[in-house]
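Asks: Here you go, final_35.cif (mmCIF, C-alpha atoms):
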```
data_protein
loop_
_atom_site.label_atom_id
_atom_site.label_comp_id
_atom_site.auth_asym_id
_atom_site.auth_seq_id
_atom_site.Cartn_x
_atom_site.Cartn_y
_atom_site.Cartn_z
CA MET A 20 -19.83 -12.30 -5.39
CA LYS A 21 -19.91 -14.27 -8.64
CA ASN A 22 -20.43 -11.02 -10.54
CA LEU A 23 -17.32 -9.61 -8.92
CA ILE A 24 -15.19 -12.46 -10.21
CA PHE A 25 -16.22 -11.91 -13.82
CA LEU A 26 -15.49 -8.17 -13.60
CA PHE A 27 -11.80 -8.68 -12.94
CA PHE A 28 -9.04 -10.34 -14.93
CA LEU A 29 -6.84 -12.11 -12.45
CA THR A 30 -3.48 -13.13 -13.79
CA THR A 31 -0.69 -12.98 -11.23
CA GLN A 32 -0.02 -15.72 -8.70
CA ALA A 33 0.91 -14.97 -5.11
CA ILE A 34 3.04 -17.44 -3.15
CA PHE A 35 3.59 -17.18 0.59
CA ALA A 36 4.89 -19.41 3.37
CA PHE A 37 2.51 -22.12 4.53
CA ALA A 38 -0.41 -20.36 2.85
CA GLN A 39 -2.46 -21.89 0.07
CA ASN A 40 -2.93 -19.26 -2.61
CA VAL A 41 -5.08 -19.46 -5.70
CA THR A 42 -4.88 -17.32 -8.81
CA VAL A 43 -8.15 -17.02 -10.70
CA GLY A 44 -8.39 -16.36 -14.42
CA PRO A 45 -11.24 -15.24 -16.71
CA SER A 46 -12.97 -18.59 -16.27
CA ALA A 47 -13.22 -17.92 -12.52
CA LYS A 48 -11.74 -21.35 -11.83
CA PRO A 49 -8.71 -21.99 -9.59
CA LEU A 50 -5.64 -22.36 -11.80
CA LEU A 51 -2.84 -23.00 -9.36
CA LYS A 52 -2.22 -23.88 -5.74
CA SER A 53 1.26 -23.79 -4.25
CA VAL A 54 3.07 -23.88 -0.94
CA THR A 55 6.58 -22.50 -0.43
CA LYS A 56 9.27 -24.83 0.89
CA ASN A 57 11.11 -22.35 3.08
CA PRO A 58 9.49 -20.65 6.11
CA THR A 59 9.05 -16.90 5.95
CA GLU A 60 8.69 -14.71 9.01
CA GLY A 61 6.52 -11.63 9.04
CA SER A 62 3.68 -10.88 6.68
CA PRO A 63 3.24 -9.26 3.24
CA TYR A 64 -0.22 -7.96 4.18
CA PHE A 65 -1.30 -4.46 5.18
CA ASN A 66 -3.56 -6.15 7.71
CA ASN A 67 -3.20 -9.86 8.37
CA ARG A 68 -6.88 -10.22 9.10
CA TYR A 69 -9.49 -10.20 6.38
CA ALA A 70 -11.85 -7.25 6.71
CA ASN A 71 -14.79 -5.71 4.91
CA GLY A 72 -13.68 -3.24 2.24
CA LYS A 73 -14.96 -1.10 -0.60
CA ILE A 74 -13.60 -1.24 -4.15
CA LYS A 75 -14.05 1.26 -6.99
CA THR A 76 -13.23 0.07 -10.50
CA VAL A 77 -11.78 2.13 -13.36
CA SER A 78 -15.32 2.32 -14.74
CA GLN A 79 -16.38 3.97 -11.43
CA LYS A 80 -18.44 1.03 -10.22
CA GLU A 81 -18.35 0.44 -6.48
CA PHE A 82 -18.53 -2.86 -4.62
CA ASN A 83 -18.54 -3.79 -0.95
CA VAL A 84 -16.37 -6.86 -0.51
CA LYS A 85 -16.20 -9.12 2.51
CA ASP A 86 -12.99 -10.82 3.66
CA LEU A 87 -10.57 -8.52 1.81
CA ARG A 88 -6.80 -8.14 2.30
CA TYR A 89 -4.15 -5.92 0.69
CA ASN A 90 -0.99 -7.75 -0.39
CA LEU A 91 1.87 -5.24 -0.23
CA GLU A 92 4.34 -7.45 -2.09
CA THR A 93 2.19 -7.93 -5.19
CA GLN A 94 0.22 -4.67 -4.79
CA GLN A 95 -2.94 -6.71 -5.24
CA LEU A 96 -6.17 -7.20 -3.34
CA GLU A 97 -7.14 -10.68 -2.24
CA TYR A 98 -10.41 -12.04 -0.93
CA THR A 99 -11.41 -15.45 0.31
CA GLU A 100 -14.44 -17.47 -0.69
CA ASN A 101 -15.17 -21.15 -0.22
CA ASN A 102 -11.71 -21.65 1.32
CA ASN A 103 -10.01 -20.31 -1.81
CA ILE A 104 -7.98 -17.10 -2.06
CA TYR A 105 -8.61 -14.94 -5.11
CA ALA A 106 -6.44 -12.08 -6.35
CA ILE A 107 -8.06 -8.98 -7.83
CA GLN A 108 -6.04 -6.69 -10.07
CA ASP A 109 -6.04 -4.32 -13.07
CA SER A 110 -9.62 -3.08 -12.84
CA VAL A 111 -9.32 -1.57 -9.35
CA GLN A 112 -8.91 2.22 -9.29
CA SER A 113 -9.23 2.70 -5.54
CA PHE A 114 -10.23 0.85 -2.39
CA THR A 115 -10.88 1.45 1.29
CA LEU A 116 -9.68 -0.95 3.97
CA VAL A 117 -8.99 -0.87 7.71
CA ASP A 118 -5.62 -1.50 9.33
CA SER A 119 -4.89 -3.77 12.30
CA LEU A 120 -6.09 -1.03 14.68
CA GLY A 121 -9.40 -0.58 12.87
CA LYS A 122 -8.46 2.74 11.25
CA SER A 123 -9.83 3.24 7.74
CA HIS A 124 -7.44 3.95 4.85
CA THR A 125 -8.21 4.84 1.23
CA PHE A 126 -5.77 3.86 -1.52
CA ASN A 127 -5.71 5.09 -5.12
CA LYS A 128 -3.77 4.45 -8.27
CA SER A 129 -2.13 7.80 -8.97
CA GLY A 130 -0.01 9.35 -11.68
CA ALA A 131 0.15 8.92 -15.42
CA ASP A 132 2.44 5.87 -15.50
CA HIS A 133 -0.50 3.42 -15.17
CA THR A 134 1.35 1.21 -12.70
CA ASN A 135 -0.45 -1.15 -10.35
CA ASN A 136 0.95 0.63 -7.30
CA PHE A 137 -1.53 2.07 -4.81
CA TYR A 138 -0.95 5.20 -2.74
CA GLU A 139 -2.63 6.70 0.30
CA THR A 140 -2.99 10.49 0.24
CA VAL A 141 -1.85 11.66 3.68
CA ALA A 142 -1.87 15.39 2.84
CA ASP A 143 -4.03 16.69 0.00
CA GLY A 144 -3.72 19.86 -2.05
CA SER A 145 -1.93 21.36 -5.04
CA VAL A 146 1.17 19.45 -3.96
CA ALA A 147 -0.12 16.31 -2.27
CA LEU A 148 1.90 13.97 -0.09
CA LEU A 149 1.37 10.29 -0.85
CA LYS A 150 2.36 7.24 1.11
CA GLN A 151 3.05 3.84 -0.38
CA TYR A 152 3.17 0.69 1.73
CA THR A 153 5.54 -2.07 0.60
CA VAL A 154 7.39 -5.06 2.02
CA LYS A 155 11.00 -6.08 1.64
CA LYS A 156 12.39 -9.58 1.96
CA GLU A 157 15.39 -9.83 4.25
CA ALA A 158 17.51 -12.92 4.91
CA THR A 159 18.09 -13.75 8.58
CA GLU A 160 20.37 -16.30 10.24
CA ASP A 161 20.09 -17.75 13.73
CA TRP A 162 23.41 -17.05 15.46
CA TYR A 163 23.34 -20.41 17.27
CA THR A 164 21.90 -22.90 14.79
CA LYS A 165 23.05 -20.94 11.69
CA LYS A 166 19.66 -21.75 10.23
CA LYS A 167 18.64 -19.27 7.56
CA ALA A 168 15.15 -17.89 7.03
CA ASN A 169 13.44 -15.15 5.08
CA LYS A 170 11.68 -12.26 6.78
CA MET A 171 9.04 -9.87 5.45
CA VAL A 172 9.61 -6.30 6.67
CA GLN A 173 6.98 -3.62 6.05
CA GLN A 174 8.23 -0.30 4.70
CA SER A 175 6.70 3.07 3.84
CA ASN A 176 7.81 5.31 0.99
CA TYR A 177 6.65 8.85 0.29
CA PHE A 178 5.78 10.50 -3.00
CA THR A 179 4.52 13.89 -4.10
CA ASN A 180 1.70 14.43 -6.57
CA LYS A 181 1.71 17.73 -8.40
CA GLY A 182 -0.64 18.06 -11.35
CA GLY A 183 -0.88 14.28 -11.70
CA VAL A 184 2.90 13.83 -11.78
CA VAL A 185 3.94 11.41 -9.04
CA GLN A 186 7.55 11.57 -7.89
CA LYS A 187 9.37 9.79 -5.11
CA PHE A 188 10.12 12.01 -2.12
CA THR A 189 12.69 11.54 0.63
CA PRO A 190 11.75 13.61 3.71
CA SER A 191 14.35 16.25 4.58
CA ALA A 192 14.40 20.01 5.09
CA LYS A 193 16.24 20.48 1.80
CA ASN A 194 13.83 18.34 -0.21
CA VAL A 195 10.77 19.94 1.38
CA THR A 196 11.89 23.47 0.52
CA THR A 197 12.77 22.32 -3.00
CA VAL A 198 9.42 20.67 -3.68
CA LEU A 199 7.50 23.51 -2.03
CA GLY A 200 9.91 26.11 -3.39
CA ASP A 201 7.40 28.87 -4.11
CA LYS A 202 6.87 29.20 -0.35
CA LYS A 203 10.43 28.31 0.67
CA ASP A 204 10.91 31.06 3.25
CA GLU A 205 7.49 30.51 4.83
CA ILE A 206 8.06 26.76 5.02
CA SER A 207 11.52 27.16 6.58
CA THR A 208 10.14 29.55 9.20
CA PHE A 209 7.22 27.23 9.96
CA ILE A 210 9.53 24.22 10.45
CA LYS A 211 11.82 26.24 12.74
CA ASN A 212 9.07 27.82 14.82
CA GLU A 213 7.18 24.54 15.26
CA GLN A 214 10.41 22.60 15.87
CA LEU A 215 9.32 19.90 13.43
CA ASP A 216 11.16 16.66 12.81
CA LEU A 217 10.57 15.81 9.15
CA LYS A 218 11.46 12.17 9.72
CA GLN A 219 8.26 11.92 11.75
CA GLU A 220 5.22 11.44 9.52
CA GLU A 221 2.98 13.59 11.70
CA ASP A 222 5.35 16.57 11.39
CA LEU A 223 5.85 16.02 7.67
CA ILE A 224 2.10 16.09 7.13
CA LYS A 225 1.90 19.36 9.08
CA VAL A 226 4.31 20.97 6.62
CA PHE A 227 2.34 19.90 3.54
CA ASN A 228 -0.95 20.93 5.16
CA PHE A 229 0.59 24.32 5.97
CA TYR A 230 1.69 24.74 2.35
CA ASN A 231 -1.69 23.68 0.94
CA LYS A 232 -3.86 25.77 3.26
CA PRO A 233 -5.93 28.49 1.52
CA ASN A 234 -4.33 31.91 1.49
#
```
Can I see the file as C-alpha cells?

Replies:
Amino acid sequence: MKNLIFLFFLTTQAIFAFAQNVTVGPSAKPLLKSVTKNPTEGSPYFNNRYANGKIKTVSQKEFNVKDLRYNLETQQLEYTENNNIYAIQDSVQSFTLVDSLGKSHTFNKSGADHTNNFYETVADGSVALLKQYTVKKEATEDWYTKKKANKMVQQSNYFTNKGGVVQKFTPSAKNVTTVLGDKKDEISTFIKNEQLDLKQEEDLIKVFNFYNKPN
C-alpha cells in the first residue's frame, strides 16, 4: 500500500459533511483535515461503502486496492488506511468498482481533452455510448422550521465517443438519428418496431448496440 501512495500525486482536497477527509501530497503525509459546518443530505459517492477495486495507471500498471470509493463530485478515487482518507488522482487511467448492489462497473478516462472525468462505456462500438456519473448540490428548506440544508443528488449524463472524440449526448429520437445518421432509416424503423423509449437507458443501449452490430 505504501508503494501505491508514492505512485500518485494527490493534490485536491475533498470536504464533506461530518466526514474527516485528508488530502495526501508527494510526501505521503496528511496535509489537511476539515469538517464542514453545515449538514449535507445525500452522498457524493458512487457507492457509500468502501469496496475492493482495481486501478490501472496511465503507465498501464495495475493494482488491487482495498477499501476504495469513487467520489462523483471531485471525480477522484479515495481509499482509507489507518483511519485516514486518501485521494488518488491524475495517474489513474481506468478503474473497476462495484455499486451498492454488487454489480461491477469499469470507468475510463476518454477523449482527447485530458480531463479528470471518468466514463462508463454502456454500449461499445464505432460510435460508443458513454455514461458519466455526477452529483449536484441542491438547496432545500423545511416548510415548517424554514431550516435550510444542502442535498447531494446523483445524476447521470450521456456522451458519445466516435474516433476518440467525446461529445455530450441528450437522448432523443432526433439526436439518435443525427449521431447515427449513416443508418438513419434503419435506426428509425428499429425504434418504431421495438417501441423503444429513448429516455430509458435500457432502450437507449439497445439502439446503440443495434447500430454497432456487425453487418

Asks: Enumerate, as a PDB file with C-alpha atoms, keeping the file's coordinate frame, the residues matched when the PyMOL selection byres ((chain A and resi 183-187) around 12) is run on the file above.

Replies:
```
ATOM      1  CA  LYS A 128      -3.770   4.450  -8.270  1.00  0.00           C
ATOM      2  CA  SER A 129      -2.130   7.800  -8.970  1.00  0.00           C
ATOM      3  CA  GLY A 130      -0.010   9.350 -11.680  1.00  0.00           C
ATOM      4  CA  ALA A 131       0.150   8.920 -15.420  1.00  0.00           C
ATOM      5  CA  ASP A 132       2.440   5.870 -15.500  1.00  0.00           C
ATOM      6  CA  HIS A 133      -0.500   3.420 -15.170  1.00  0.00           C
ATOM      7  CA  THR A 134       1.350   1.210 -12.700  1.00  0.00           C
ATOM      8  CA  ASN A 136       0.950   0.630  -7.300  1.00  0.00           C
ATOM      9  CA  PHE A 137      -1.530   2.070  -4.810  1.00  0.00           C
ATOM     10  CA  TYR A 138      -0.950   5.200  -2.740  1.00  0.00           C
ATOM     11  CA  THR A 140      -2.990  10.490   0.240  1.00  0.00           C
ATOM     12  CA  GLY A 144      -3.720  19.860  -2.050  1.00  0.00           C
ATOM     13  CA  SER A 145      -1.930  21.360  -5.040  1.00  0.00           C
ATOM     14  CA  VAL A 146       1.170  19.450  -3.960  1.00  0.00           C
ATOM     15  CA  ALA A 147      -0.120  16.310  -2.270  1.00  0.00           C
ATOM     16  CA  LEU A 148       1.900  13.970  -0.090  1.00  0.00           C
ATOM     17  CA  LEU A 149       1.370  10.290  -0.850  1.00  0.00           C
ATOM     18  CA  LYS A 150       2.360   7.240   1.110  1.00  0.00           C
ATOM     19  CA  GLN A 151       3.050   3.840  -0.380  1.00  0.00           C
ATOM     20  CA  SER A 175       6.700   3.070   3.840  1.00  0.00           C
ATOM     21  CA  ASN A 176       7.810   5.310   0.990  1.00  0.00           C
ATOM     22  CA  TYR A 177       6.650   8.850   0.290  1.00  0.00           C
ATOM     23  CA  PHE A 178       5.780  10.500  -3.000  1.00  0.00           C
ATOM     24  CA  THR A 179       4.520  13.890  -4.100  1.00  0.00           C
ATOM     25  CA  ASN A 180       1.700  14.430  -6.570  1.00  0.00           C
ATOM     26  CA  LYS A 181       1.710  17.730  -8.400  1.00  0.00           C
ATOM     27  CA  GLY A 182      -0.640  18.060 -11.350  1.00  0.00           C
ATOM     28  CA  PHE A 188      10.120  12.010  -2.120  1.00  0.00           C
ATOM     29  CA  THR A 189      12.690  11.540   0.630  1.00  0.00           C
ATOM     30  CA  PRO A 190      11.750  13.610   3.710  1.00  0.00           C
ATOM     31  CA  ASN A 194      13.830  18.340  -0.210  1.00  0.00           C
ATOM     32  CA  VAL A 198       9.420  20.670  -3.680  1.00  0.00           C
TER      33      VAL A 198
END
```

Asks: Can you give me, as a compact mmCIF listing (two decimals) with C-alpha atoms, in the coordinates of the input, the residues this file yields under the PyMOL selection byres ((chain A and resi 87) around 8)?

Replies:
```txt
# COMPACT_ATOMS: atom_id res chain seq x y z
CA TYR A 69 -9.49 -10.20 6.38
CA ALA A 70 -11.85 -7.25 6.71
CA ASN A 71 -14.79 -5.71 4.91
CA GLY A 72 -13.68 -3.24 2.24
CA VAL A 84 -16.37 -6.86 -0.51
CA LYS A 85 -16.20 -9.12 2.51
CA ASP A 86 -12.99 -10.82 3.66
CA ARG A 88 -6.80 -8.14 2.30
CA TYR A 89 -4.15 -5.92 0.69
CA LEU A 96 -6.17 -7.20 -3.34
CA GLU A 97 -7.14 -10.68 -2.24
CA TYR A 98 -10.41 -12.04 -0.93
CA THR A 99 -11.41 -15.45 0.31
CA LEU A 116 -9.68 -0.95 3.97
```

Asks: Compare A:Ser207, A:Thr59, A:Gly200, A:Glu139 by their minimum atom-to-atom distance to A:Lys167, counting all atoms listed in the file, and give me the closest one.

Replies: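 Between A:Ser207, A:Thr59, A:Gly200, A:Glu139, the residue approaching A:Lys167 most closely is A:Thr59.
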
Asks: From the options A:Val117, A:Ile210, A:Val154, A:Ala192, which residue's atoms come nearest to A:Thr93, counting only C-alpha atoms?

Replies: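 So, comparing all the options, the nearest one is A:Val154.
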
Asks: Distance atom CA of A:Phe126-atom CA of A:Glu213, one decimal place?

Replies: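 Answer for the atom CA of A:Phe126 to atom CA of A:Glu213 separation: 29.6 Å.
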
Asks: Neighbours of A:Val226 within 9 Å (all atoms listed in the file; same-chain residues fewer than 6 positions away dropped), as a PyMOL selection string?

Replies: chain A and resi 195+206+209-210+215+217

Asks: Would you compute the distance between atom CA of A:His124 and atom CA of A:Thr197? Give it in Å to one decimal.

Replies: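 Value for the atom CA of A:His124-atom CA of A:Thr197 distance: 28.4 Å.
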
Asks: How many Å lie between atom CA of A:Ser113 and atom CA of A:Pro233, rounded to one decimal?

Replies: 26.9 Å

Asks: So which one's closest to A:Asn90, A:Thr208, A:Thr153, A:Lys122, A:Asn102? Using only C-alpha atoms, please.

Replies: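 Ranked by minimum distance to A:Asn90, first place goes to A:Thr153.
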
Asks: Would you mind listing what lies within 8 Å of A:Lys170 as a count of residues only, with all atoms listed in the file counted and same-chain residues fewer than 5 positions away left out?

Replies: 7

Asks: I'd like to know which of A:Thr196, A:Lys166, A:Gln94, A:Lys211 is closest to A:Phe227, using all atoms listed in the file.

Replies: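 Under the stated criterion, the closest residue is A:Thr196.
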
Asks: Which residues, named as in the file, does the PyMOL selection byres ((chain A and resi 63) around 6) pick out? Answer as a PyMOL selection string.

Replies: chain A and resi 62+64+90-92

Asks: Residues at most 7 Å from A:Lys155, counting only C-alpha atoms, excluding those fewer than 4 positions away in the same chain, as a list in words?

Replies: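 Here the qualifying residues turn out to be Met171, Val172 and Gln173 of chain A.
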
Asks: Would you export the selected residues with C-alpha atoms as an mmCIF file, in the frame of the given file, please?

Replies:
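The resulting result.cif:
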```
data_model
loop_
_atom_site.group_PDB
_atom_site.id
_atom_site.type_symbol
_atom_site.label_atom_id
_atom_site.label_comp_id
_atom_site.auth_asym_id
_atom_site.auth_seq_id
_atom_site.Cartn_x
_atom_site.Cartn_y
_atom_site.Cartn_z
ATOM 1 C CA MET A 171 9.040 -9.870 5.450
ATOM 2 C CA VAL A 172 9.610 -6.300 6.670
ATOM 3 C CA GLN A 173 6.980 -3.620 6.050
#
```

Asks: Pick from A:Asn67, A:Asn212, A:Lys202, A:Gln174: nearest to A:Asn231, with only C-alpha atoms counted?

Replies: A:Lys202

Asks: Find the residue from A:Ser191, A:Gln79, A:Asn103, A:Asn234 that sits nearest to A:Asp222; use all atoms listed in the file when measuring.

Replies: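 Ranked by minimum distance to A:Asp222, first place goes to A:Ser191.
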